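Dropping upload_39.txt in here (compact mmCIF, C-alpha atoms and all ligand atoms):
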# COMPACT_ATOMS: atom_id res chain seq x y z
CA THR A 30 11.48 -30.61 -24.24
CA GLY A 31 7.78 -30.75 -24.95
CA ILE A 32 8.12 -32.41 -28.36
CA GLY A 33 5.23 -34.88 -28.70
CA ASP A 34 3.10 -33.16 -26.01
CA PRO A 35 -0.55 -33.94 -26.95
CA ASP A 36 -1.59 -30.47 -25.84
CA ILE A 37 0.40 -29.00 -28.75
CA LEU A 38 -0.35 -31.82 -31.24
CA ASN A 39 -4.10 -32.37 -30.81
CA PRO A 40 -6.99 -30.10 -31.86
CA THR A 41 -8.29 -27.97 -28.97
CA PRO A 42 -11.93 -27.16 -28.13
CA TRP A 43 -11.12 -23.41 -28.25
CA GLY A 44 -9.58 -23.73 -31.68
CA SER A 45 -12.59 -25.50 -33.17
CA SER A 46 -15.65 -23.74 -31.75
CA LEU A 47 -17.25 -20.29 -31.71
CA GLY A 48 -16.16 -18.03 -28.87
CA GLN A 49 -18.36 -15.84 -26.69
CA PRO A 50 -19.78 -12.58 -28.10
CA VAL A 51 -18.50 -9.10 -27.24
CA ALA A 52 -19.82 -7.58 -24.02
CA ALA A 53 -20.77 -11.03 -22.65
CA THR A 54 -19.31 -9.59 -19.44
CA PRO A 55 -19.91 -5.82 -19.83
CA TYR A 56 -17.46 -5.21 -17.00
CA GLY A 57 -14.63 -7.66 -17.69
CA LEU A 58 -13.57 -10.29 -15.17
CA PRO A 59 -10.38 -12.33 -14.77
CA SER A 60 -10.22 -15.82 -16.27
CA ARG A 61 -12.02 -18.50 -14.27
CA HIS A 62 -8.65 -20.25 -14.15
CA GLU A 63 -7.32 -17.41 -11.95
CA ARG A 64 -9.91 -17.86 -9.21
CA GLY A 65 -7.26 -18.50 -6.55
CA LEU A 66 -5.73 -15.05 -6.86
CA VAL A 67 -7.92 -13.06 -4.50
CA ARG A 68 -7.75 -10.80 -1.46
CA ARG A 69 -7.70 -12.84 1.72
CA GLN A 70 -8.39 -12.25 5.41
CA SER A 71 -6.12 -13.61 8.11
CA PRO A 72 -8.34 -15.86 10.22
CA GLY A 73 -8.53 -14.75 13.86
CA LEU A 74 -6.71 -11.47 13.26
CA THR A 75 -9.72 -9.31 14.09
CA GLN A 76 -13.04 -9.91 15.80
CA VAL A 77 -15.33 -8.58 13.08
CA ALA A 78 -14.77 -8.38 9.32
CA ALA A 79 -16.11 -4.80 9.18
CA ALA A 80 -13.14 -3.60 11.24
CA SER A 81 -10.51 -5.70 9.57
CA VAL A 82 -8.11 -6.03 6.70
CA SER A 83 -7.90 -8.05 3.49
CA PHE A 84 -4.44 -8.64 2.03
CA ALA A 85 -3.41 -8.22 -1.63
CA PRO A 86 -2.00 -11.37 -3.31
CA LEU A 87 1.46 -9.93 -4.03
CA GLN A 88 2.78 -13.39 -4.96
CA GLY A 89 0.68 -13.43 -8.13
CA LEU A 90 1.09 -9.86 -9.40
CA PHE A 91 3.41 -8.55 -12.12
CA GLY A 92 4.93 -5.11 -12.61
CA ILE A 93 3.98 -2.45 -10.09
CA ILE A 94 0.26 -1.69 -10.51
CA THR A 95 -2.25 -3.49 -8.30
CA PRO A 96 -5.45 -4.36 -10.17
CA SER A 97 -8.23 -2.42 -8.42
CA GLY A 98 -10.15 -5.59 -7.60
CA LEU A 99 -7.13 -6.94 -5.71
CA HIS A 100 -6.22 -3.73 -3.83
CA PHE A 101 -5.88 -4.46 -0.10
CA GLU A 102 -8.69 -3.19 2.12
CA ARG A 103 -8.57 -1.80 5.63
CA HIS A 104 -11.80 -0.53 7.12
CA HIS A 105 -12.45 0.60 10.68
CA GLN A 106 -16.21 0.40 10.31
CA GLY A 107 -16.96 -1.39 7.05
CA TRP A 108 -17.10 0.05 3.54
CA GLN A 109 -19.89 2.02 1.97
CA ASP A 110 -20.97 2.51 -1.65
CA ILE A 111 -21.80 6.22 -1.40
CA ASP A 112 -24.18 7.87 -3.89
CA PRO A 113 -21.86 10.37 -5.61
CA THR A 114 -24.73 12.79 -6.26
CA ARG A 115 -25.21 13.07 -2.48
CA HIS A 116 -21.55 13.15 -1.49
CA ARG A 117 -20.27 16.52 -0.30
CA PHE A 118 -16.76 17.71 0.49
CA MET A 119 -16.27 20.70 2.79
CA ILE A 120 -13.26 22.90 3.52
CA ASP A 121 -13.25 25.09 6.61
CA GLY A 122 -10.85 26.43 9.24
CA ALA A 123 -10.16 25.61 12.89
CA ARG A 124 -10.44 29.38 13.33
CA PRO A 125 -12.43 31.65 10.98
CA GLU A 126 -9.31 33.55 9.88
CA PHE A 127 -7.69 30.34 8.53
CA VAL A 128 -10.18 30.01 5.63
CA LYS A 129 -11.74 33.15 4.16
CA THR A 130 -14.58 31.41 2.27
CA PRO A 131 -15.43 27.95 3.62
CA LYS A 132 -17.01 25.92 0.82
CA VAL A 133 -18.98 22.75 0.27
CA TYR A 134 -18.20 21.00 -3.04
CA THR A 135 -20.28 18.47 -4.97
CA MET A 136 -18.53 15.76 -7.01
CA ASP A 137 -19.52 17.68 -10.15
CA ASP A 138 -17.68 20.75 -8.79
CA ILE A 139 -14.54 18.69 -8.18
CA LEU A 140 -14.65 16.90 -11.54
CA ARG A 141 -14.63 20.28 -13.34
CA LEU A 142 -11.23 21.23 -11.91
CA PRO A 143 -7.92 20.46 -13.70
CA PRO A 144 -6.86 16.91 -12.72
CA VAL A 145 -3.43 15.34 -12.19
CA SER A 146 -2.64 11.61 -12.34
CA ARG A 147 0.22 10.07 -10.39
CA MET A 148 1.39 6.57 -9.50
CA HIS A 149 1.95 5.92 -5.79
CA PHE A 150 2.05 3.03 -3.34
CA ILE A 151 -0.17 2.90 -0.28
CA GLU A 152 1.02 0.80 2.65
CA CYS A 153 -0.83 0.40 5.94
CA GLY A 154 1.38 1.32 8.91
CA ALA A 155 0.47 -2.10 10.31
CA ASN A 156 1.85 -4.00 7.28
CA THR A 157 4.20 -6.78 8.50
CA GLY A 158 2.92 -5.87 11.99
CA MET A 159 2.36 -9.49 13.03
CA GLU A 160 6.04 -10.32 12.52
CA TRP A 161 7.59 -7.95 15.11
CA GLY A 162 8.37 -10.65 17.69
CA ASN A 163 8.66 -13.78 15.58
CA VAL A 164 7.47 -15.46 12.39
CA ALA A 165 3.68 -15.42 12.50
CA VAL A 166 2.22 -15.94 9.01
CA PRO A 167 3.29 -18.18 6.12
CA THR A 168 2.98 -16.20 2.89
CA VAL A 169 3.92 -12.83 1.37
CA GLN A 170 0.20 -12.11 1.01
CA TYR A 171 -0.07 -12.03 4.81
CA THR A 172 3.40 -10.66 5.67
CA HIS A 173 3.36 -7.76 3.17
CA GLY A 174 -0.08 -7.67 1.51
CA MET A 175 -1.30 -4.44 3.16
CA LEU A 176 0.45 -2.82 0.22
CA SER A 177 -0.90 -1.72 -3.15
CA CYS A 178 0.02 0.69 -5.92
CA SER A 179 -2.22 2.58 -8.33
CA GLU A 180 -2.39 5.50 -10.66
CA PHE A 181 -4.50 8.02 -8.76
CA THR A 182 -6.32 10.93 -10.40
CA GLY A 183 -7.61 13.96 -8.59
CA VAL A 184 -7.17 17.60 -7.71
CA PRO A 185 -4.25 18.81 -5.58
CA LEU A 186 -5.64 19.73 -2.15
CA ARG A 187 -3.69 22.98 -2.47
CA THR A 188 -5.87 24.03 -5.44
CA LEU A 189 -9.01 23.60 -3.34
CA LEU A 190 -7.51 25.39 -0.33
CA GLU A 191 -6.58 28.33 -2.56
CA ASP A 192 -10.10 28.31 -3.99
CA CYS A 193 -11.41 28.79 -0.44
CA GLY A 194 -8.93 31.54 0.36
CA ALA A 195 -7.07 29.48 2.98
CA ASP A 196 -4.25 31.29 4.78
CA LEU A 197 -1.40 29.04 3.64
CA LYS A 198 1.10 30.91 5.83
CA ALA A 199 -0.85 30.39 9.07
CA ALA A 200 -1.74 26.78 8.18
CA LYS A 201 0.56 24.20 9.77
CA TYR A 202 -1.69 21.12 9.60
CA VAL A 203 -4.94 20.05 8.05
CA LEU A 204 -7.41 17.64 9.56
CA ALA A 205 -8.91 15.12 7.11
CA GLU A 206 -12.25 13.54 8.02
CA GLY A 207 -13.93 10.48 6.51
CA GLY A 208 -17.64 10.16 5.78
CA ASP A 209 -17.97 6.61 7.14
CA GLY A 210 -19.04 5.72 10.67
CA SER A 211 -15.48 5.24 11.97
CA SER A 212 -14.83 8.94 12.70
CA MET A 213 -11.56 8.48 10.84
CA THR A 214 -9.72 11.76 11.31
CA ARG A 215 -6.05 12.37 10.67
CA SER A 216 -3.69 15.36 11.01
CA ILE A 217 -1.67 15.95 7.84
CA PRO A 218 1.32 18.32 8.02
CA ILE A 219 0.99 21.24 5.61
CA GLU A 220 4.31 20.73 3.71
CA PRO A 221 3.15 17.96 1.32
CA VAL A 222 -0.09 19.89 0.81
CA LEU A 223 1.82 23.04 -0.18
CA SER A 224 4.09 21.09 -2.53
CA GLY A 225 0.98 19.87 -4.37
CA GLU A 226 1.64 16.21 -3.52
CA VAL A 227 -1.53 15.59 -1.50
CA LEU A 228 -4.47 14.86 -3.79
CA VAL A 229 -8.20 14.85 -3.32
CA ALA A 230 -8.59 11.83 -5.57
CA TYR A 231 -11.55 10.26 -7.35
CA GLY A 232 -9.72 8.14 -9.94
CA GLN A 233 -7.85 4.86 -9.52
CA ASN A 234 -6.24 3.08 -12.45
CA GLY A 235 -8.23 5.01 -15.03
CA GLU A 236 -11.71 4.62 -13.53
CA MET A 237 -13.49 5.91 -10.46
CA LEU A 238 -12.21 4.66 -7.08
CA ARG A 239 -13.68 1.35 -5.98
CA PRO A 240 -16.17 1.65 -3.09
CA GLU A 241 -13.80 -0.34 -0.85
CA ASN A 242 -11.08 2.23 -1.55
CA GLY A 243 -13.11 5.35 -0.75
CA TYR A 244 -15.51 6.00 -3.66
CA PRO A 245 -16.16 8.71 -4.61
CA LEU A 246 -13.35 10.67 -2.88
CA ARG A 247 -10.23 9.85 -0.90
CA LEU A 248 -7.12 11.66 0.22
CA VAL A 249 -3.84 10.55 -1.38
CA VAL A 250 -0.86 11.33 0.87
CA PRO A 251 2.19 9.91 -0.97
CA GLY A 252 4.79 8.15 1.19
CA VAL A 253 2.66 8.37 4.33
CA GLN A 254 1.06 5.40 6.10
CA GLY A 255 -2.31 4.29 4.71
CA VAL A 256 -4.39 5.50 7.64
CA SER A 257 -3.81 9.11 6.55
CA TRP A 258 -5.29 8.36 3.11
CA VAL A 259 -8.75 9.12 4.45
CA LYS A 260 -11.48 7.40 2.43
CA TRP A 261 -14.99 8.68 1.67
CA LEU A 262 -13.40 12.08 2.37
CA ARG A 263 -16.00 14.61 3.54
CA ARG A 264 -14.08 17.46 5.17
CA VAL A 265 -10.69 19.10 5.45
CA GLU A 266 -10.13 21.59 8.23
CA VAL A 267 -7.20 23.99 8.14
CA GLY A 268 -5.40 24.31 11.50
CA ASP A 269 -2.14 25.33 13.08
CA ARG A 270 -1.35 22.24 15.20
CA PRO A 271 -1.73 18.45 15.13
CA TYR A 272 -5.09 17.30 16.44
CA ALA A 273 -4.18 14.14 18.44
CA THR A 274 -7.42 12.44 17.39
CA LYS A 275 -8.24 8.96 18.71
CA ASP A 276 -6.55 7.21 15.78
CA GLU A 277 -3.39 9.26 16.35
CA ALA A 278 -3.31 8.94 20.15
CA VAL A 279 -4.27 5.28 20.63
CA HIS A 280 -3.63 3.56 17.28
CA TYR A 281 -0.89 3.90 14.66
CA ILE A 282 1.66 4.82 17.32
CA ASP A 283 4.98 3.04 17.81
CA LEU A 284 5.62 1.16 21.07
CA MET A 285 9.33 1.76 21.77
CA PRO A 286 11.66 -0.53 23.79
CA ASP A 287 11.43 1.74 26.88
CA GLY A 288 7.65 1.35 26.96
CA GLN A 289 6.91 4.85 25.64
CA HIS A 290 4.77 5.39 22.55
CA ARG A 291 6.01 7.43 19.60
CA GLN A 292 3.34 9.47 17.79
CA TYR A 293 3.17 10.73 14.20
CA SER A 294 5.94 8.57 12.71
CA SER A 295 3.91 8.47 9.56
CA ILE A 296 6.46 8.15 6.71
CA GLN A 297 6.78 4.61 5.39
CA GLU A 298 10.53 4.02 5.42
CA CYS A 299 12.43 2.17 2.69
CA LYS A 300 11.40 -1.49 2.42
CA SER A 301 11.38 -4.40 -0.03
CA VAL A 302 10.25 -7.99 -0.31
CA ILE A 303 10.80 -10.88 -2.70
CA THR A 304 7.37 -11.88 -4.02
CA THR A 305 8.54 -14.90 -5.98
CA PRO A 306 9.77 -17.36 -4.86
CA SER A 307 8.02 -16.65 -1.56
CA GLY A 308 6.48 -18.44 1.41
CA GLY A 309 4.00 -21.17 0.58
CA GLN A 310 5.38 -21.72 -2.94
CA THR A 311 7.37 -24.77 -4.03
CA LEU A 312 10.27 -24.87 -6.50
CA MET A 313 9.45 -27.86 -8.70
CA ALA A 314 13.00 -28.70 -9.79
CA LYS A 315 16.48 -27.28 -9.56
CA GLY A 316 17.66 -24.99 -12.34
CA TYR A 317 16.79 -21.50 -13.55
CA PHE A 318 14.43 -19.16 -11.67
CA THR A 319 13.85 -15.43 -11.73
CA ILE A 320 13.86 -13.92 -8.26
CA SER A 321 11.46 -10.98 -8.37
CA GLY A 322 10.04 -8.54 -5.86
CA LEU A 323 8.97 -5.05 -4.93
CA ALA A 324 10.80 -2.14 -3.30
CA TRP A 325 9.44 1.20 -2.10
CA SER A 326 10.23 4.22 0.04
CA GLY A 327 8.05 6.95 1.49
CA ARG A 328 10.97 9.35 1.10
CA GLY A 329 11.43 9.19 -2.67
CA LYS A 330 12.82 6.89 -5.36
CA ILE A 331 14.46 3.49 -4.93
CA LYS A 332 18.15 3.71 -5.76
CA ARG A 333 19.28 0.09 -5.48
CA VAL A 334 18.10 -3.33 -4.37
CA ASP A 335 20.53 -6.07 -3.33
CA VAL A 336 19.53 -9.73 -3.25
CA SER A 337 21.12 -12.50 -1.19
CA VAL A 338 20.55 -16.24 -1.59
CA ASP A 339 22.69 -17.16 1.43
CA GLY A 340 20.92 -15.29 4.23
CA GLY A 341 22.83 -12.03 3.87
CA VAL A 342 26.41 -13.35 3.73
CA THR A 343 26.86 -12.19 0.13
CA TRP A 344 24.76 -9.73 -1.90
CA VAL A 345 24.24 -9.15 -5.64
CA GLU A 346 22.71 -6.00 -7.11
CA ALA A 347 19.31 -6.70 -8.67
CA THR A 348 18.00 -5.15 -11.90
CA LEU A 349 15.43 -2.39 -11.36
CA GLN A 350 12.59 -2.39 -13.85
CA THR A 351 11.43 0.99 -15.16
CA PRO A 352 9.58 3.16 -14.37
CA ILE A 353 11.33 4.09 -11.11
CA LEU A 354 9.05 6.72 -9.60
CA SER A 355 9.03 8.61 -6.32
CA LYS A 356 6.90 7.08 -3.54
CA CYS A 357 5.84 4.31 -5.92
CA LEU A 358 6.53 0.58 -6.04
CA THR A 359 9.65 -0.43 -8.00
CA ARG A 360 9.93 -3.96 -9.42
CA PHE A 361 13.32 -5.68 -9.14
CA SER A 362 14.57 -9.00 -10.45
CA LEU A 363 17.62 -11.25 -10.46
CA PRO A 364 18.34 -14.43 -12.44
CA TRP A 365 19.08 -17.39 -10.15
CA SER A 366 20.10 -20.95 -10.75
CA TRP A 367 18.97 -23.14 -7.84
CA ASP A 368 21.40 -25.96 -7.16
CA GLY A 369 18.88 -27.94 -5.09
CA GLN A 370 20.58 -27.02 -1.79
CA PRO A 371 18.81 -25.13 1.02
CA ALA A 372 18.90 -21.36 0.39
CA LEU A 373 17.92 -18.20 2.27
CA LEU A 374 16.51 -15.52 -0.05
CA GLN A 375 16.57 -11.87 1.04
CA SER A 376 16.24 -8.43 -0.54
CA ARG A 377 17.60 -5.17 0.85
CA ALA A 378 16.47 -1.84 -0.60
CA ILE A 379 18.27 1.50 -0.54
CA ASP A 380 16.45 4.72 -1.38
CA GLU A 381 17.69 7.98 -2.90
CA THR A 382 18.27 9.47 0.57
CA GLY A 383 20.78 6.65 1.24
CA PHE A 384 18.52 4.90 3.79
CA VAL A 385 19.34 1.18 3.91
CA GLN A 386 16.55 -1.25 4.82
CA PRO A 387 17.45 -2.77 8.22
CA GLY A 388 17.69 -6.42 9.26
CA TYR A 389 15.57 -7.73 12.15
CA GLY A 390 18.55 -7.42 14.55
CA GLN A 391 19.03 -3.73 13.72
CA LEU A 392 15.33 -2.94 13.76
CA ARG A 393 14.72 -4.64 17.12
CA ALA A 394 17.76 -2.91 18.66
CA ALA A 395 16.19 0.46 17.82
CA ARG A 396 12.50 -0.32 18.13
CA GLY A 397 12.11 -3.40 20.34
CA SER A 398 9.91 -6.34 19.37
CA ARG A 399 6.48 -5.50 20.79
CA SER A 400 5.39 -2.82 18.34
CA ILE A 401 2.73 -3.25 15.66
CA TYR A 402 3.52 -0.47 13.22
CA HIS A 403 6.28 0.42 10.75
CA ASN A 404 8.11 -2.89 10.50
CA ASN A 405 10.39 -2.51 7.45
CA ALA A 406 12.84 -5.31 8.26
CA ILE A 407 14.53 -7.48 5.63
CA GLN A 408 12.32 -10.52 4.88
CA THR A 409 13.89 -13.98 4.60
CA TRP A 410 12.39 -16.87 2.60
CA GLN A 411 14.01 -20.24 3.28
CA VAL A 412 14.11 -22.66 0.35
CA ALA A 413 14.23 -26.22 1.70
CA GLU A 414 15.91 -29.13 -0.11
CA ASN A 415 12.50 -30.39 -1.29
CA GLY A 416 11.78 -26.98 -2.85
CA ASP A 417 9.30 -25.77 -0.21
CA VAL A 418 9.62 -22.05 0.59
CA ASN A 419 9.07 -20.96 4.21
CA ASN A 420 8.98 -17.75 6.20
CA VAL A 421 11.95 -17.51 8.61
CA GLN A 422 13.66 -14.64 10.43
CA ILE A 423 17.38 -13.92 10.52
CA LEU A 424 18.84 -11.37 12.95
N1 LIG A 501 -10.63 6.17 5.87
C1 LIG A 501 -11.82 6.02 6.47
N2 LIG A 501 -12.73 6.99 6.31
N3 LIG A 501 -12.12 4.93 7.20
C2 LIG A 501 -11.19 3.93 7.38
O1 LIG A 501 -11.50 2.93 8.05
N4 LIG A 501 -8.88 3.16 6.95
C3 LIG A 501 -7.53 3.69 6.80
C4 LIG A 501 -7.41 4.50 5.52
N5 LIG A 501 -8.50 5.42 5.37
C5 LIG A 501 -9.90 4.07 6.79
C6 LIG A 501 -9.67 5.23 6.00
C7 LIG A 501 -6.48 2.73 6.83
S1 LIG A 501 -5.98 2.19 8.38
C8 LIG A 501 -5.80 2.35 5.71
S2 LIG A 501 -4.43 1.35 5.79
C9 LIG A 501 -6.24 2.77 4.37
O2 LIG A 501 -7.38 3.61 4.43
C10 LIG A 501 -6.57 1.55 3.55
O3 LIG A 501 -6.98 1.91 2.28
P1 LIG A 501 -7.62 0.82 1.31
O4 LIG A 501 -8.75 0.15 2.05
O5 LIG A 501 -8.05 1.56 0.10
O6 LIG A 501 -6.52 -0.16 1.00
Please lay out the structure from this file as structure tokens.
Amino acid sequence: TGIGDPDILNPTPWGSSLGQPVAATPYGLPSRHERGLVRRQSPGLTQVAAASVSFAPLQGLFGIITPSGLHFERHHQGWQDIDPTRHRFMIDGARPEFVKTPKVYTMDDILRLPPVSRMHFIECGANTGMEWGNVAVPTVQYTHGMLSCSEFTGVPLRTLLEDCGADLKAAKYVLAEGGDGSSMTRSIPIEPVLSGEVLVAYGQNGEMLRPENGYPLRLVVPGVQGVSWVKWLRRVEVGDRPYATKDEAVHYIDLMPDGQHRQYSSIQECKSVITTPSGGQTLMAKGYFTISGLAWSGRGKIKRVDVSVDGGVTWVEATLQTPILSKCLTRFSLPWSWDGQPALLQSRAIDETGFVQPGYGQLRAARGSRSIYHNNAIQTWQVAENGDVNNVQIL
């Protein structure tokens, strides 16, 4: 195939002219031919764009790292580009005895401390939240795009607490507070702080955080829903109980089938999704395709991903691409030959704790269908005879 194609036979403009000089774009940009791959808002989802979400284009990404310019955004009161020379970070205690020497750090203070870099996913608790009752949105960007993965660099919060003489035996929770106007405050249990997992981060994919993602400082709470990753972080208070702040009492709570709300279910349970082929795409002809997608778990590493092309009747184990890291996205793939018949593509992830991603029937039996948060059900993409791929739900 392709023999005689003029695009391989004829001289090209780029092969017969002088290219652009170095540093023509001092901060590099994607090719103009990739203009369609951008963050997108879901029209009508929220009343104002400053208290809204933009979704990452998972359908067009490779590997596991989300380019910083395509990282999803979720702001409760808009984003700020804070002057790092004026940003301050304070540690104090709910009671004076919890922190011996409360301190206020400048960014220069924090940048002098020994850094660690780790790759982790961040998923908003509301990801896939529109799909609880029925199919609501057409593409993987909107069903699963409140998900991103980066290499974060920062200082373990534990190091800073020790520097302030925090009583790590009395401490049971910390309160993290953002510097934006949203009064974003979240209770973080002390265990992941003590283990050194929770980072006070300034770096994302080798450079400083983007303003939209909390520049110059954000909390990284691996495996926990995005709302706890407080951006523009200005204060951590050491306490001995959860704080039940507005965002923990009214939002980010799970509406259960009996009408009660469940609080603090913050771990993002094992989940996966096929990103290609996915909703809104079209298979041009029958024949070979690579089914590819992402799997993740807030409880550790992904152990296995199974893929079905017949709506869950039969399953085949997919190949996991390395690296397979804890609380990080894992890329899976499976070769597939499409015979031109309708197909139902699904992926089902299993993590190292043995947790198996549930189907919609199982999830709704336990959690009902009127919730917003923590929907980790198996996603189904229906391939029609004409090659169109659509979002459907199978119980
Ligand atoms: N932190 C502050 N200060 N203000 C916010 O509005 N939004 C939270 C969290 N941290 C928020 C915040 C929510 S709900 C999520 S899902 C993540 O940030 C989103 O992070 P991102 O915008 O970097 O993707």
Checklist entry - How would you write, as a ChimeraX atom specification, the set of residues no farther than 8 Å from ligand LIG 501 (chain A) when counting all atoms listed in the file? => result /A:80,82,100-108,151-155,175-177,206-214,241-243,247,254-262
Do you have, as CSV, the list of residues of region 134-201 of chain A lying at most 6 Å from region 221-240 of chain A, each with its nearest atom pair and that distance in Å to one decimal, counting only C-alpha atoms and ordered by chain then number?
residue,atom,partner,partner_atom,distance
A:Ser179,CA,A:Asn234,CA,5.8
A:Glu180,CA,A:Asn234,CA,4.9
A:Phe181,CA,A:Gln233,CA,4.7
A:Thr182,CA,A:Gly232,CA,4.4
A:Gly183,CA,A:Ala230,CA,3.8
A:Val184,CA,A:Val229,CA,5.3
A:Pro185,CA,A:Leu228,CA,4.3
A:Leu186,CA,A:Leu228,CA,5.3
A:Arg187,CA,A:Val222,CA,5.8
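With only C-alpha atoms as the atoms that count, the residue of A:Gly98, A:Pro59, A:Gly390, A:Gly92 with the shortest distance to Leu358 (chain A) is A:Gly92.
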Checklist entry - Between A:Ala394, A:Ile379, A:Val145, A:Ala347, which is the closest to Ser326 (chain A) once you count all atoms listed in the file? => result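 Closest to Ser326 (chain A), using all atoms listed in the file: A:Ile379.
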Item to check | Contacts of Leu74 (chain A) at 12 Å (all atoms listed in the file; same-chain gap of 5+ positions) as an MDAnalysis selection string | outcome: chainID A and resid 69 80:84 158:159 165:166 171
Checklist entry - For Ala79 (chain A), which residue among A:Gln109, A:Ala53, A:Ser294, A:Lys201 is the nearest when counting only C-alpha atoms? => result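 Among A:Gln109, A:Ala53, A:Ser294, A:Lys201, it is A:Gln109 that comes nearest to Ala79 (chain A).
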Item to check | Atom-to-atom span, CA of Pro96 (chain A) and CA of Thr135 (chain A), Å | outcome: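 Computing the Euclidean distance for CA of Pro96 (chain A) and CA of Thr135 (chain A) yields 27.7 Å.
Atom pair CA of Gly329 (chain A) / CA of Glu381 (chain A): separated by 6.4 Å.
Residues in contact with Met313 (chain A) at 10 Å, where all atoms listed in the file are counted and same-chain residues fewer than 5 positions away are skipped, are listed as Asn415, Gly416 and Asp417 of chain A.
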Using C-alpha atoms, can you export the residues from the last selection as a PDB file, keeping the file's coordinate frame?
ATOM      1  CA  ASN A 415      12.500 -30.390  -1.290  1.00  0.00           C
ATOM      2  CA  GLY A 416      11.780 -26.980  -2.850  1.00  0.00           C
ATOM      3  CA  ASP A 417       9.300 -25.770  -0.210  1.00  0.00           C
TER       4      ASP A 417
END
Next on the checklist: For a quick check of your reading of the model, name the residues lying within 9 Å of the coordinate (17.9, -23.8, -0.5), counting all atoms listed in the file, and write them as a PyMOL selection string.
Outcome noted: chain A and resi 338-339+367-374+411-418
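The space separating CA of Asn405 (chain A) from CA of Arg393 (chain A) comes to 10.8 Å.
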Next on the checklist: My list of candidates is A:Val169, A:Leu363, A:Val133, A:Val279. Which is closest to Ile320 (chain A) when distances are computed with only C-alpha atoms?
Outcome noted: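 Smallest separation from Ile320 (chain A) among the options: A:Leu363.
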Padded axis-aligned box of region 80-89 of chain A (4 Å per side), centre and edge lengths, Å, one decimal, as lines of an AutoDock Vina configuration file:
center_x = -5.2
center_y = -8.5
center_z = 1.6
size_x = 23.9
size_y = 17.8
size_z = 27.4
